[in-house]
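Asker: Contents are CSV, C-alpha atoms and all ligand atoms; file name entry.csv:
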```csv
chain,number,residue,atom,x,y,z
A,1,MET,CA,-333.7,85.2,48.4
A,2,ARG,CA,-333.0,82.9,45.5
A,3,LYS,CA,-333.9,79.2,45.9
A,4,GLN,CA,-331.2,76.6,46.2
A,5,ILE,CA,-332.1,73.6,44.1
A,6,VAL,CA,-330.6,70.2,43.5
A,7,ALA,CA,-332.2,68.2,40.7
A,8,GLY,CA,-331.3,64.7,39.7
A,9,ASN,CA,-331.7,64.0,36.0
A,10,TRP,CA,-331.9,60.2,35.7
A,11,LYS,CA,-331.8,60.3,31.9
A,12,MET,CA,-332.7,57.0,30.2
A,13,ASN,CA,-331.9,54.9,33.3
A,14,ASN,CA,-333.9,52.8,35.7
A,15,ASP,CA,-336.8,50.5,34.8
A,16,LEU,CA,-339.7,50.2,37.2
A,17,ALA,CA,-338.0,47.9,39.7
A,18,GLN,CA,-334.8,50.0,39.7
A,19,THR,CA,-336.9,53.1,40.1
A,20,GLU,CA,-338.7,51.6,43.1
A,21,ALA,CA,-335.4,50.7,44.7
A,22,LEU,CA,-333.9,54.2,44.2
A,23,LEU,CA,-337.0,56.0,45.4
A,24,SER,CA,-337.0,53.8,48.5
A,25,ASP,CA,-333.3,54.6,49.1
A,26,LEU,CA,-334.0,58.3,48.6
A,27,LYS,CA,-336.7,58.3,51.2
A,28,LYS,CA,-334.2,57.0,53.7
A,29,GLN,CA,-331.8,59.9,53.3
A,30,ASN,CA,-331.6,62.8,55.8
A,31,GLN,CA,-331.5,66.3,54.5
A,32,SER,CA,-329.6,68.9,56.4
A,33,SER,CA,-329.6,71.7,53.8
A,34,ASN,CA,-332.5,73.9,52.8
A,35,ALA,CA,-332.2,73.1,49.1
A,36,GLU,CA,-335.3,72.1,47.1
A,37,VAL,CA,-334.8,68.5,45.9
A,38,MET,CA,-336.1,67.2,42.6
A,39,VAL,CA,-335.7,64.0,40.7
A,40,ALA,CA,-336.5,63.4,37.0
A,41,PRO,CA,-337.3,59.7,36.3
A,42,THR,CA,-338.2,58.5,32.8
A,43,PHE,CA,-341.7,59.2,31.5
A,44,THR,CA,-343.0,55.6,32.2
A,45,ASN,CA,-342.1,55.9,35.9
A,46,LEU,CA,-343.3,59.5,36.6
A,47,TYR,CA,-346.7,58.6,38.1
A,48,HIS,CA,-345.2,55.8,40.2
A,49,ALA,CA,-342.5,58.2,41.5
A,50,PHE,CA,-345.1,60.9,42.2
A,51,GLU,CA,-347.1,58.5,44.3
A,52,ALA,CA,-344.1,57.1,46.0
A,53,LEU,CA,-342.7,60.6,46.9
A,54,ARG,CA,-346.1,62.1,47.8
A,55,THR,CA,-345.2,62.2,51.5
A,56,SER,CA,-341.6,63.3,51.0
A,57,ASN,CA,-340.3,66.8,50.1
A,58,ILE,CA,-338.8,65.5,46.8
A,59,GLU,CA,-340.5,66.9,43.7
A,60,VAL,CA,-340.9,64.7,40.6
A,61,VAL,CA,-340.0,66.5,37.4
A,62,ALA,CA,-340.0,65.5,33.7
A,63,GLN,CA,-337.0,65.4,31.4
A,64,ASN,CA,-338.7,66.8,28.3
A,65,MET,CA,-342.2,67.5,26.8
A,66,HIS,CA,-343.7,68.4,23.5
A,67,PHE,CA,-345.1,71.9,22.8
A,68,ALA,CA,-348.5,70.9,21.4
A,69,ALA,CA,-351.5,70.3,23.7
A,70,ASN,CA,-352.4,67.0,22.0
A,71,GLY,CA,-352.7,65.5,18.5
A,72,ALA,CA,-350.9,63.5,15.9
A,73,TYR,CA,-347.4,63.5,17.4
A,74,THR,CA,-346.6,59.8,17.8
A,75,GLY,CA,-344.4,59.1,20.8
A,76,GLU,CA,-344.7,62.6,22.4
A,77,ILE,CA,-346.0,63.8,25.8
A,78,SER,CA,-347.7,67.1,26.4
A,79,ALA,CA,-347.7,69.5,29.3
A,80,SER,CA,-351.2,68.6,30.4
A,81,MET,CA,-350.3,64.9,30.4
A,82,LEU,CA,-347.4,65.6,32.7
A,83,LYS,CA,-349.6,67.7,35.0
A,84,SER,CA,-352.2,65.0,35.1
A,85,VAL,CA,-349.7,62.7,36.8
A,86,GLY,CA,-348.6,65.3,39.3
A,87,VAL,CA,-345.6,66.8,37.4
A,88,GLU,CA,-345.3,70.6,37.8
A,89,THR,CA,-341.8,71.1,36.5
A,90,VAL,CA,-340.0,70.1,33.3
A,91,ILE,CA,-336.4,70.1,32.1
A,92,LEU,CA,-336.1,71.7,28.7
A,93,GLY,CA,-333.1,72.2,26.4
A,94,HIS,CA,-330.8,69.6,27.8
A,95,SER,CA,-327.7,69.3,25.5
A,96,GLU,CA,-328.5,65.6,24.9
A,97,ARG,CA,-331.9,66.7,23.5
A,98,ARG,CA,-330.2,69.4,21.4
A,99,GLU,CA,-327.5,67.1,20.1
A,100,TYR,CA,-329.3,63.7,19.5
A,101,PHE,CA,-332.9,65.0,18.8
A,102,ASN,CA,-332.0,68.2,17.0
A,103,GLU,CA,-333.8,70.5,19.4
A,104,THR,CA,-333.1,74.1,18.3
A,105,ASP,CA,-333.5,77.4,20.1
A,106,GLU,CA,-336.7,78.0,18.0
A,107,LEU,CA,-338.3,74.7,19.0
A,108,LEU,CA,-337.3,75.3,22.6
A,109,ALA,CA,-338.9,78.7,22.6
A,110,LYS,CA,-342.2,76.9,21.7
A,111,LYS,CA,-341.7,74.3,24.4
A,112,VAL,CA,-341.0,77.1,26.9
A,113,ASP,CA,-344.2,78.9,25.9
A,114,ALA,CA,-346.3,75.7,26.2
A,115,ALA,CA,-344.9,74.9,29.7
A,116,LEU,CA,-345.6,78.4,30.9
A,117,ALA,CA,-349.1,78.4,29.4
A,118,ASN,CA,-349.7,75.3,31.5
A,119,SER,CA,-348.4,77.0,34.6
A,120,MET,CA,-345.4,74.7,34.8
A,121,ARG,CA,-342.0,75.5,36.1
A,122,ILE,CA,-339.1,75.1,33.7
A,123,ILE,CA,-335.5,74.1,34.3
A,124,PHE,CA,-334.0,75.5,31.2
A,125,CYS,CA,-330.6,74.1,30.2
A,126,PHE,CA,-327.9,75.4,27.9
A,127,GLY,CA,-324.1,75.4,27.6
A,128,GLU,CA,-321.3,75.6,25.2
A,129,GLU,CA,-319.3,72.8,23.5
A,130,LEU,CA,-315.6,72.3,24.0
A,131,ALA,CA,-314.8,73.9,20.6
A,132,ASP,CA,-316.7,77.1,21.7
A,133,ARG,CA,-314.7,77.3,24.9
A,134,LYS,CA,-311.4,76.7,23.1
A,135,SER,CA,-312.1,79.5,20.7
A,136,GLY,CA,-313.2,81.8,23.5
A,137,ASN,CA,-316.8,81.9,22.3
A,138,GLU,CA,-318.5,80.4,25.3
A,139,GLU,CA,-320.2,83.6,26.4
A,140,ALA,CA,-321.5,84.4,22.9
A,141,VAL,CA,-322.9,80.9,22.6
A,142,VAL,CA,-324.5,80.8,26.0
A,143,GLY,CA,-325.9,84.3,25.6
A,144,GLY,CA,-327.4,83.4,22.3
A,145,GLN,CA,-329.0,80.2,23.6
A,146,ILE,CA,-330.7,82.2,26.4
A,147,LYS,CA,-331.8,85.1,24.2
A,148,ASN,CA,-333.1,82.9,21.4
A,149,ALA,CA,-335.3,80.7,23.6
A,150,LEU,CA,-336.3,83.1,26.5
A,151,PHE,CA,-336.0,86.8,25.6
A,152,HIS,CA,-339.4,86.9,24.0
A,153,LEU,CA,-340.9,86.4,27.5
A,154,GLU,CA,-342.4,89.0,29.8
A,155,ALA,CA,-340.4,89.6,33.0
A,156,ALA,CA,-343.0,87.9,35.2
A,157,ALA,CA,-342.4,84.5,33.4
A,158,PHE,CA,-339.0,84.3,35.1
A,159,GLN,CA,-340.8,83.5,38.4
A,160,ASN,CA,-341.3,80.1,36.8
A,161,ILE,CA,-337.9,79.6,35.2
A,162,VAL,CA,-334.7,78.1,36.7
A,163,LEU,CA,-331.6,78.2,34.5
A,164,ALA,CA,-329.1,75.4,34.3
A,165,TYR,CA,-325.7,76.1,32.8
A,166,GLU,CA,-324.2,72.8,31.6
A,167,PRO,CA,-321.1,73.0,29.6
A,168,VAL,CA,-321.3,70.1,27.1
A,169,TRP,CA,-317.7,69.2,27.7
A,170,ALA,CA,-318.4,68.5,31.4
A,171,ILE,CA,-321.5,66.4,31.0
A,172,GLY,CA,-320.8,62.7,31.9
A,173,THR,CA,-317.1,63.2,31.2
A,174,GLY,CA,-315.8,63.4,34.7
A,175,GLU,CA,-314.4,66.7,33.8
A,176,THR,CA,-316.0,69.5,35.8
A,177,ALA,CA,-315.8,73.2,35.1
A,178,SER,CA,-313.7,74.7,37.8
A,179,PRO,CA,-315.6,76.6,40.5
A,180,GLU,CA,-314.2,79.8,39.0
A,181,GLN,CA,-315.3,78.9,35.5
A,182,ALA,CA,-318.8,78.1,36.8
A,183,GLN,CA,-318.9,81.4,38.8
A,184,ASP,CA,-317.7,83.5,35.8
A,185,MET,CA,-320.3,82.0,33.5
A,186,HIS,CA,-323.1,82.3,36.1
A,187,ALA,CA,-322.2,86.0,36.7
A,188,PHE,CA,-322.3,86.5,32.9
A,189,ILE,CA,-325.7,84.8,32.7
A,190,ARG,CA,-327.1,87.0,35.6
A,191,LYS,CA,-325.7,90.1,33.9
A,192,THR,CA,-327.4,89.0,30.6
A,193,LEU,CA,-330.7,88.8,32.4
A,194,ALA,CA,-330.1,92.0,34.3
A,195,ASP,CA,-329.4,93.9,31.0
A,196,LYS,CA,-332.7,92.8,29.6
A,197,TYR,CA,-335.0,92.5,32.6
A,198,GLY,CA,-333.3,94.5,35.4
A,199,ASN,CA,-331.5,93.6,38.5
A,200,ASN,CA,-334.6,92.6,40.5
A,201,ILE,CA,-335.4,89.7,38.1
A,202,ALA,CA,-331.8,88.7,37.6
A,203,ASP,CA,-331.2,88.5,41.3
A,204,GLU,CA,-334.2,86.2,41.8
A,205,VAL,CA,-333.5,83.6,39.2
A,206,SER,CA,-331.8,80.5,40.4
A,207,ILE,CA,-328.9,79.4,38.2
A,208,LEU,CA,-327.8,75.8,38.6
A,209,TYR,CA,-324.6,74.3,37.4
A,210,GLY,CA,-324.5,70.8,35.8
A,211,GLY,CA,-321.7,68.7,34.5
A,212,SER,CA,-320.0,65.9,36.5
A,213,VAL,CA,-321.0,67.3,39.9
A,214,LYS,CA,-320.1,64.7,42.6
A,215,PRO,CA,-320.0,64.6,46.4
A,216,ALA,CA,-316.3,65.5,46.2
A,217,ASN,CA,-316.7,68.7,44.3
A,218,ALA,CA,-320.2,69.9,45.1
A,219,GLU,CA,-319.4,72.0,48.1
A,220,GLU,CA,-316.7,74.1,46.3
A,221,ILE,CA,-318.9,74.7,43.3
A,222,PHE,CA,-322.0,75.6,45.5
A,223,SER,CA,-319.9,78.0,47.5
A,224,LYS,CA,-319.7,80.4,44.6
A,225,PRO,CA,-322.1,83.3,45.0
A,226,ASP,CA,-323.9,82.9,41.6
A,227,VAL,CA,-324.2,79.2,41.8
A,228,ASP,CA,-327.6,78.3,43.3
A,229,GLY,CA,-327.5,74.6,43.0
A,230,GLY,CA,-326.9,71.7,40.6
A,231,LEU,CA,-328.4,69.6,37.9
A,232,ILE,CA,-327.0,66.1,38.6
A,233,GLY,CA,-326.8,63.3,36.1
A,234,GLY,CA,-324.6,60.2,37.0
A,235,ALA,CA,-324.3,60.9,40.7
A,236,SER,CA,-328.1,61.2,41.1
A,237,LEU,CA,-328.5,57.5,40.4
A,238,ASN,CA,-327.1,56.7,43.9
A,239,ALA,CA,-329.2,58.0,46.8
A,240,GLU,CA,-326.3,58.5,49.2
A,241,ASP,CA,-324.2,60.3,46.6
A,242,PHE,CA,-327.2,62.5,45.6
A,243,TYR,CA,-327.9,63.5,49.2
A,244,ALA,CA,-324.2,64.2,49.8
A,245,ILE,CA,-324.6,66.7,47.1
A,246,VAL,CA,-328.0,68.0,48.4
A,247,ASN,CA,-326.3,68.5,51.8
A,248,ALA,CA,-323.2,70.2,50.3
A,249,PHE,CA,-325.0,73.6,50.8
A,301,LIG,P1,-323.5,64.4,34.8
A,301,LIG,O1,-324.8,65.0,33.9
A,301,LIG,O2,-323.7,64.9,36.2
A,301,LIG,O3,-323.6,62.9,34.6
A,301,LIG,O4,-322.3,65.0,34.1
A,301,LIG,C1,-325.4,66.2,34.2
A,301,LIG,C2,-326.5,66.5,33.3
A,301,LIG,O5,-326.5,66.0,32.1
A,301,LIG,O6,-327.5,67.1,33.7
```
Take the structure from the file and write it as structure tokens.
Ligand code: PGA
Answerer:
Amino acid sequence: MRKQIVAGNWKMNNDLAQTEALLSDLKKQNQSSNAEVMVAPTFTNLYHAFEALRTSNIEVVAQNMHFAANGAYTGEISASMLKSVGVETVILGHSERREYFNETDELLAKKVDAALANSMRIIFCFGEELADRKSGNEEAVVGGQIKNALFHLEAAAFQNIVLAYEPVWAIGTGETASPEQAQDMHAFIRKTLADKYGNNIADEVSILYGGSVKPANAEEIFSKPDVDGGLIGGASLNAEDFYAIVNAF
């Protein structure tokens, strides 16, 4: 059975006091679904969040990392540094990293390798831009992003990989992919995996949808057979909204 996952990507939001307030609100929520719940605070608050959530079932994950183990990379954070503060999962390839920090498929392949070498789990993000969808190229773009960054891996690596389809035109815009658009793309992604690694692997990999998921639309999106959860930005900054989404399963 594939895992159902709801992960909150806080992006560059919440200083220490705001993080404490949100963590405390999150701990007051009741979970009625079986979904795995994760939150991704900013680097400076990861250890604090890890300590605060130690007794909860919420996992603390990182939003990014560097591929090198250590060295002269001013401003960067390595996998072993993340692990040393309790972080076992990292988000890689978010479209904001690709767009504003020039992260390429080639760079992401290196980050993927570094995370796996450190026994970390990866939430690997990808998705097409509006122009790609308008020109009917969305599958070619998404298929290329997956192949370029992941298809050098052995099948066993996919036990530690969660995929997150996030159409760029739906992130932070209030415009969501329709449940049918999400399902169609998730089915394509699963077929792409099956063609390379076989059905057993493809059936086990969780594929999350991200892009303006809210309490009002989560249930319909999560009801689609190939949608195994969500990567939530804006709505993850409010504990009640976030848990309304967690409980939408
Ligand atoms: P959003 O962000 O929910 O605010 O659209 C999703 C994401 O970037 O992961």
Asker: Name the closest residue to ligand LIG 301 (chain A) among the candidates A:Ile171, A:Ile58, A:Leu208, A:Ala239; distances are taken between atoms, counting only C-alpha atoms and all ligand atoms.
Answerer: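 Smallest separation from ligand LIG 301 (chain A) among the options: A:Ile171.
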Asker: Could you please determine the separation between CA of Met38 (chain A) and CA of Glu138 (chain A) in Å, to one decimal place?
Answerer: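 Going from CA of Met38 (chain A) over to CA of Glu138 (chain A) covers 28.0 Å.
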Asker: Can you tell me which residues come within 8 Å of ligand LIG 301 (chain A) when counting all atoms listed in the file, ideally as a PyMOL selection string?
Answerer: chain A and resi 8-9+11+94-96+166+170-174+176+210-214+231-236
Asker: CA of Arg98 (chain A) to CA of Ala62 (chain A): how many Å, to one decimal?
Answerer: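 Separation between CA of Arg98 (chain A) and CA of Ala62 (chain A): 16.2 Å.
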Asker: Return the single residue from A:Pro225, A:Gly75, A:Gly230, A:Pro41 that is closest to Ala164 (chain A), with distances computed using only C-alpha atoms.
Answerer: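 Closest to Ala164 (chain A), using only C-alpha atoms: A:Gly230.
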Asker: Could you check how far CA of Leu26 (chain A) sits from CA of Val39 (chain A), in Å to one decimal?
Answerer: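 Computed distance, CA of Leu26 (chain A) to CA of Val39 (chain A), equals 9.9 Å.
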Asker: Could you check which of A:Ala194, A:Ile161, A:Ala216, A:Leu22 is closest to Ala244 (chain A), using all atoms listed in the file?
Answerer: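 So, comparing all the options, the nearest one is A:Ala216.
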Asker: Quick one: residues within 7 Å of Ile91 (chain A), all atoms listed in the file, excluding same-chain residues fewer than 6 positions away - as a list in words?
Answerer: Ala62, Gln63, Asn64, Ile122, Ile123 and Phe124 of chain A
